[in-house]
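Listing of upload-v2.pdb, PDB, C-alpha atoms
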ATOM      1  CA  ILE A   1       4.789  14.519   6.183  1.00  0.00           C
ATOM      2  CA  PHE A   2       1.353  14.265   4.725  1.00  0.00           C
ATOM      3  CA  MET A   3      -1.110  11.418   4.480  1.00  0.00           C
ATOM      4  CA  ILE A   4      -3.428  10.934   1.544  1.00  0.00           C
ATOM      5  CA  GLN A   5      -6.711   9.310   2.491  1.00  0.00           C
ATOM      6  CA  GLU A   6      -9.060   7.637   0.056  1.00  0.00           C
ATOM      7  CA  LEU A   7     -11.989   8.749   2.229  1.00  0.00           C
ATOM      8  CA  MET A   8     -13.206  12.061   0.869  1.00  0.00           C
ATOM      9  CA  ASN A   9      -9.941  12.514  -1.105  1.00  0.00           C
ATOM     10  CA  THR A  10      -8.326  14.401   1.767  1.00  0.00           C
ATOM     11  CA  MET A  11      -4.732  15.263   2.501  1.00  0.00           C
ATOM     12  CA  ARG A  12      -3.650  15.502   6.123  1.00  0.00           C
ATOM     13  CA  PHE A  13      -0.447  17.261   7.150  1.00  0.00           C
ATOM     14  CA  ILE A  14       1.463  16.010  10.199  1.00  0.00           C
ATOM     15  CA  TYR A  15       4.180  18.411  11.339  1.00  0.00           C
ATOM     16  CA  LEU A  16       7.303  16.631  12.601  1.00  0.00           C
ATOM     17  CA  ASP A  17       9.575  19.653  13.062  1.00  0.00           C
ATOM     18  CA  GLY A  18       9.081  20.037  16.823  1.00  0.00           C
ATOM     19  CA  ARG A  19       6.645  22.938  16.651  1.00  0.00           C
ATOM     20  CA  PRO A  20       3.939  23.286  19.328  1.00  0.00           C
ATOM     21  CA  HIS A  21       0.245  23.485  18.513  1.00  0.00           C
ATOM     22  CA  THR A  22      -0.911  26.878  17.292  1.00  0.00           C
ATOM     23  CA  ASP A  23      -2.212  29.230  19.960  1.00  0.00           C
ATOM     24  CA  PRO A  24      -5.960  28.513  20.336  1.00  0.00           C
ATOM     25  CA  ASP A  25      -6.775  32.200  19.808  1.00  0.00           C
ATOM     26  CA  ILE A  26      -5.450  32.096  16.248  1.00  0.00           C
ATOM     27  CA  ALA A  27      -5.864  28.412  15.281  1.00  0.00           C
ATOM     28  CA  VAL A  28      -8.116  27.743  12.301  1.00  0.00           C
ATOM     29  CA  PRO A  29     -10.286  24.622  12.871  1.00  0.00           C
ATOM     30  CA  SER A  30     -10.558  22.140  10.001  1.00  0.00           C
ATOM     31  CA  PHE A  31     -11.922  18.681   9.119  1.00  0.00           C
ATOM     32  CA  ASN A  32      -8.516  17.062   9.804  1.00  0.00           C
ATOM     33  CA  GLY A  33      -7.527  19.363  12.661  1.00  0.00           C
ATOM     34  CA  GLU A  34      -3.940  20.381  13.353  1.00  0.00           C
ATOM     35  CA  SER A  35      -1.614  17.375  13.736  1.00  0.00           C
ATOM     36  CA  ILE A  36       1.762  17.582  15.493  1.00  0.00           C
ATOM     37  CA  GLY A  37       3.836  14.387  15.488  1.00  0.00           C
ATOM     38  CA  HIS A  38       6.996  12.921  16.926  1.00  0.00           C
ATOM     39  CA  TRP A  39       8.671   9.524  16.940  1.00  0.00           C
ATOM     40  CA  GLU A  40       8.898   7.246  19.976  1.00  0.00           C
ATOM     41  CA  ASN A  41      11.167   4.444  18.733  1.00  0.00           C
ATOM     42  CA  ASP A  42       9.181   2.718  15.922  1.00  0.00           C
ATOM     43  CA  THR A  43       5.901   4.481  16.727  1.00  0.00           C
ATOM     44  CA  LEU A  44       4.688   7.760  15.225  1.00  0.00           C
ATOM     45  CA  VAL A  45       2.728   9.644  17.894  1.00  0.00           C
ATOM     46  CA  VAL A  46       0.336  12.227  16.437  1.00  0.00           C
ATOM     47  CA  ASP A  47      -1.439  14.782  18.638  1.00  0.00           C
ATOM     48  CA  THR A  48      -4.387  16.426  16.856  1.00  0.00           C
ATOM     49  CA  LYS A  49      -6.723  19.187  17.923  1.00  0.00           C
ATOM     50  CA  TYR A  50      -8.617  22.134  16.392  1.00  0.00           C
ATOM     51  CA  PHE A  51     -11.235  20.100  14.548  1.00  0.00           C
ATOM     52  CA  VAL A  52     -14.392  21.779  13.286  1.00  0.00           C
ATOM     53  CA  ALA A  53     -17.171  20.785  15.666  1.00  0.00           C
ATOM     54  CA  ASP A  54     -19.811  19.761  13.143  1.00  0.00           C
ATOM     55  CA  HIS A  55     -17.654  17.571  10.897  1.00  0.00           C
ATOM     56  CA  HIS A  56     -14.773  15.324  11.900  1.00  0.00           C
ATOM     57  CA  TRP A  57     -13.249  12.003  10.893  1.00  0.00           C
ATOM     58  CA  ILE A  58     -13.973   9.826  13.961  1.00  0.00           C
ATOM     59  CA  ASP A  59     -17.275   8.366  12.734  1.00  0.00           C
ATOM     60  CA  SER A  60     -20.716   9.629  11.829  1.00  0.00           C
ATOM     61  CA  GLY A  61     -23.071   9.872  14.773  1.00  0.00           C
ATOM     62  CA  ILE A  62     -20.296  10.458  17.331  1.00  0.00           C
ATOM     63  CA  PRO A  63     -20.846  13.787  19.081  1.00  0.00           C
ATOM     64  CA  ALA A  64     -17.845  16.077  19.079  1.00  0.00           C
ATOM     65  CA  SER A  65     -17.191  19.729  19.756  1.00  0.00           C
ATOM     66  CA  ASP A  66     -14.360  22.149  19.131  1.00  0.00           C
ATOM     67  CA  ALA A  67     -12.691  20.603  22.224  1.00  0.00           C
ATOM     68  CA  LEU A  68     -12.098  17.229  20.485  1.00  0.00           C
ATOM     69  CA  HIS A  69      -8.507  16.046  21.018  1.00  0.00           C
ATOM     70  CA  ILE A  70      -7.087  12.844  19.491  1.00  0.00           C
ATOM     71  CA  VAL A  71      -3.723  11.177  20.101  1.00  0.00           C
ATOM     72  CA  GLU A  72      -2.745   8.412  17.659  1.00  0.00           C
ATOM     73  CA  ARG A  73       0.046   5.880  18.006  1.00  0.00           C
ATOM     74  CA  ILE A  74       0.873   4.590  14.504  1.00  0.00           C
ATOM     75  CA  ARG A  75       3.189   1.649  13.877  1.00  0.00           C
ATOM     76  CA  LEU A  76       3.834  -1.306  11.600  1.00  0.00           C
ATOM     77  CA  ILE A  77       3.412  -4.776  13.100  1.00  0.00           C
ATOM     78  CA  ASP A  78       3.625  -8.356  11.733  1.00  0.00           C
ATOM     79  CA  ASP A  79       6.956  -7.681   9.997  1.00  0.00           C
ATOM     80  CA  GLY A  80       5.476  -4.656   8.224  1.00  0.00           C
ATOM     81  CA  LYS A  81       2.407  -6.476   6.921  1.00  0.00           C
ATOM     82  CA  THR A  82      -0.062  -4.603   9.165  1.00  0.00           C
ATOM     83  CA  LEU A  83      -0.501  -0.920   9.989  1.00  0.00           C
ATOM     84  CA  GLU A  84      -1.839  -0.464  13.517  1.00  0.00           C
ATOM     85  CA  ILE A  85      -3.244   2.793  14.850  1.00  0.00           C
ATOM     86  CA  GLU A  86      -4.185   3.095  18.511  1.00  0.00           C
ATOM     87  CA  LEU A  87      -6.358   6.146  19.130  1.00  0.00           C
ATOM     88  CA  ARG A  88      -7.331   7.987  22.304  1.00  0.00           C
ATOM     89  CA  ALA A  89      -9.950  10.721  22.079  1.00  0.00           C
ATOM     90  CA  THR A  90     -11.194  13.193  24.636  1.00  0.00           C
ATOM     91  CA  ASP A  91     -13.844  15.866  24.327  1.00  0.00           C
ATOM     92  CA  PRO A  92     -14.853  17.364  27.686  1.00  0.00           C
ATOM     93  CA  LYS A  93     -17.714  19.290  26.047  1.00  0.00           C
ATOM     94  CA  SER A  94     -19.278  16.108  24.585  1.00  0.00           C
ATOM     95  CA  TRP A  95     -18.466  13.196  26.918  1.00  0.00           C
ATOM     96  CA  GLU A  96     -16.710  12.251  30.161  1.00  0.00           C
ATOM     97  CA  GLY A  97     -13.382  10.450  30.227  1.00  0.00           C
ATOM     98  CA  GLU A  98     -11.590   9.186  27.142  1.00  0.00           C
ATOM     99  CA  TRP A  99     -12.519   6.888  24.299  1.00  0.00           C
ATOM    100  CA  LYS A 100      -9.881   4.393  23.100  1.00  0.00           C
ATOM    101  CA  TRP A 101      -9.887   2.126  20.064  1.00  0.00           C
ATOM    102  CA  THR A 102      -7.456   0.353  17.734  1.00  0.00           C
ATOM    103  CA  LYS A 103      -7.600   0.023  13.952  1.00  0.00           C
ATOM    104  CA  ARG A 104      -5.527  -2.383  11.866  1.00  0.00           C
ATOM    105  CA  TRP A 105      -5.065  -2.584   8.094  1.00  0.00           C
ATOM    106  CA  ARG A 106      -3.349  -5.386   6.213  1.00  0.00           C
ATOM    107  CA  ARG A 107      -0.827  -4.246   3.628  1.00  0.00           C
ATOM    108  CA  VAL A 108      -2.009  -4.418   0.015  1.00  0.00           C
ATOM    109  CA  ASP A 109       0.799  -3.959  -2.502  1.00  0.00           C
ATOM    110  CA  ASP A 110      -1.168  -4.248  -5.744  1.00  0.00           C
ATOM    111  CA  ARG A 111      -3.547  -1.302  -5.343  1.00  0.00           C
ATOM    112  CA  ASP A 112      -3.190   2.467  -5.619  1.00  0.00           C
ATOM    113  CA  ILE A 113      -5.204   5.075  -3.767  1.00  0.00           C
ATOM    114  CA  ALA A 114      -8.145   5.897  -6.022  1.00  0.00           C
ATOM    115  CA  GLU A 115     -10.288   8.977  -6.231  1.00  0.00           C
ATOM    116  CA  VAL A 116     -13.604   8.466  -4.490  1.00  0.00           C
ATOM    117  CA  GLU A 117     -16.628   9.238  -6.613  1.00  0.00           C
ATOM    118  CA  CYS A 118     -19.746  10.345  -4.803  1.00  0.00           C
ATOM    119  CA  LEU A 119     -22.388  10.287  -7.505  1.00  0.00           C
ATOM    120  CA  PRO A 120     -26.038   9.689  -6.581  1.00  0.00           C
ATOM    121  CA  GLU A 121     -26.498   6.763  -8.989  1.00  0.00           C
ATOM    122  CA  LEU A 122     -23.593   4.947  -7.302  1.00  0.00           C
ATOM    123  CA  ASN A 123     -25.424   5.128  -3.958  1.00  0.00           C
ATOM    124  CA  LEU A 124     -28.973   4.162  -4.975  1.00  0.00           C
ATOM    125  CA  HIS A 125     -28.692   0.834  -3.121  1.00  0.00           C
ATOM    126  CA  MET A 126     -28.014   2.569   0.225  1.00  0.00           C
ATOM    127  CA  PRO A 127     -30.930   2.961   2.669  1.00  0.00           C
ATOM    128  CA  THR A 128     -32.017   6.500   3.516  1.00  0.00           C
ATOM    129  CA  THR A 129     -34.802   8.184   5.424  1.00  0.00           C
ATOM    130  CA  LYS A 130     -36.445   9.049   2.091  1.00  0.00           C
ATOM    131  CA  SER A 131     -36.299   5.589   0.517  1.00  0.00           C
ATOM    132  CA  ASP A 132     -37.293   2.006   1.148  1.00  0.00           C
ATOM    133  CA  ALA A 133     -34.203   0.741  -0.706  1.00  0.00           C
ATOM    134  CA  HIS A 134     -32.319  -2.156   0.764  1.00  0.00           C
ATOM    135  CA  VAL A 135     -28.580  -2.656   0.929  1.00  0.00           C
ATOM    136  CA  ARG A 136     -27.398  -5.206  -1.626  1.00  0.00           C
TER     137      ARG A 136
END

Kindly present the structure from the file in C-alpha cells form.
Amino acid sequence: IFMIQELMNTMRFIYLDGRPHTDPDIAVPSFNGESIGHWENDTLVVDTKYFVADHHWIDSGIPASDALHIVERIRLIDDGKTLEIELRATDPKSWEGEWKWTKRWRRVDDRDIAEVECLPELNLHMPTTKSDAHVR
C-alpha cells in the first residue's frame, strides 16, 4: 500500500508482502525510510528504518541519526471516526531508551488531500531569525 501525505506532498510505500527489511549494506536511506507492515487483527503495524539522518518526519528539532527506528500501530477507533497512530521510536546514536507518543485524527469526509504550496509570500507572517514578524 502507499500513503499520500499532505505534508510536503510525499508518498510513502508500506510493503505488506512479508518481505524483511533490506540488508543494511545495500539499503538506500530516504526521508520516509523503508516501511515493512503486517496486520495484527485490526491494527496495521509498520516497522520503519533507513531514514536519512539530517531530515526525517518525526518533528523539527528532534535529533536523529541513521539509526532511527520507528514502529507504528495504526488503527481506527470510535466506530471508524478516528485514526489513531501509536508510535515508538528508538535511536541509540541520538538518545537513550525509547520515545513513545500517540496521534489521533478525526475523520473528515468533505475534504480532499491538497497540494501544499510553499511560496515565500504565503509565509510572511511566520517568525524567523531574520525578521521581527509576528504570527497572526

* **Selection: 12 Å around Gly80 of chain A, only C-alpha atoms, excl. self and same-chain fewer than 3 positions, as a PyMOL selection string** => chain A and resi 42+75-77+83-84+104-109

* Could you tell me how far atom CA of Leu16 of chain A lies from atom CA of Glu86 of chain A, in Å and to one decimal? => 18.7 Å

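Around the coordinate (8.0, 9.5, 16.0), residues that reach within 12 Å when counting only C-alpha atoms are Ile1, Ile14, Tyr15, Leu16, Asp17, Gly18, Ile36, Gly37, His38, Trp39, Glu40, Asn41, Asp42, Thr43, Leu44, Val45, Val46, Asp47, Glu72, Arg73, Ile74 and Arg75 of chain A.
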
Run through the PyMOL selection byres ((chain A and resi 62-65) around 7) on the given coordinates and return the selected residues as a compact mmCIF listing (two decimals) with C-alpha atoms, in the coordinates of the input.
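Output file out.txt follows:
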# COMPACT_ATOMS: atom_id res chain seq x y z
CA ALA A 53 -17.17 20.78 15.67
CA ASP A 59 -17.27 8.37 12.73
CA SER A 60 -20.72 9.63 11.83
CA GLY A 61 -23.07 9.87 14.77
CA ASP A 66 -14.36 22.15 19.13
CA ALA A 67 -12.69 20.60 22.22
CA LEU A 68 -12.10 17.23 20.48
CA ASP A 91 -13.84 15.87 24.33
CA LYS A 93 -17.71 19.29 26.05
CA SER A 94 -19.28 16.11 24.58

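In this comparison, which uses only C-alpha atoms, the residue of A:Gly97, A:Phe31, A:His69, A:Asp25 approaching Lys49 of chain A most closely is A:His69.
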
* **Result set of the PyMOL selection byres ((chain A and resi 29) around 8) on the coordinates above, as a PyMOL selection string** => chain A and resi 27-28+30-31+33-34+50-52+66

Just want the 10 Å neighbourhood of Lys100 of chain A, counted on all atoms listed in the file, with same-chain residues fewer than 6 positions away dropped. Output as a CSV table (one decimal) with C-alpha atoms, keeping the file's coordinate frame.
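Everything below was put into selection.csv:
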chain,number,residue,atom,x,y,z
A,70,ILE,CA,-7.1,12.8,19.5
A,71,VAL,CA,-3.7,11.2,20.1
A,72,GLU,CA,-2.7,8.4,17.7
A,86,GLU,CA,-4.2,3.1,18.5
A,87,LEU,CA,-6.4,6.1,19.1
A,88,ARG,CA,-7.3,8.0,22.3
A,89,ALA,CA,-10.0,10.7,22.1
A,90,THR,CA,-11.2,13.2,24.6

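Between atom CA of Lys103 of chain A and atom CA of Ile85 of chain A the interatomic distance comes to 5.2 Å.
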
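Atom pair atom CA of Asp79 of chain A / atom CA of Asn32 of chain A has a distance of 29.2 Å (rounded to one decimal).
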
Find the axis-aligned box for segment 82-90 of chain A, covering all its listed atoms and adding 3 Å on each side, and write its centre and edge lengths in Å to one decimal as JSON.
{"center_x": -5.6, "center_y": 4.3, "center_z": 16.9, "size_x": 17.1, "size_y": 23.8, "size_z": 21.5}
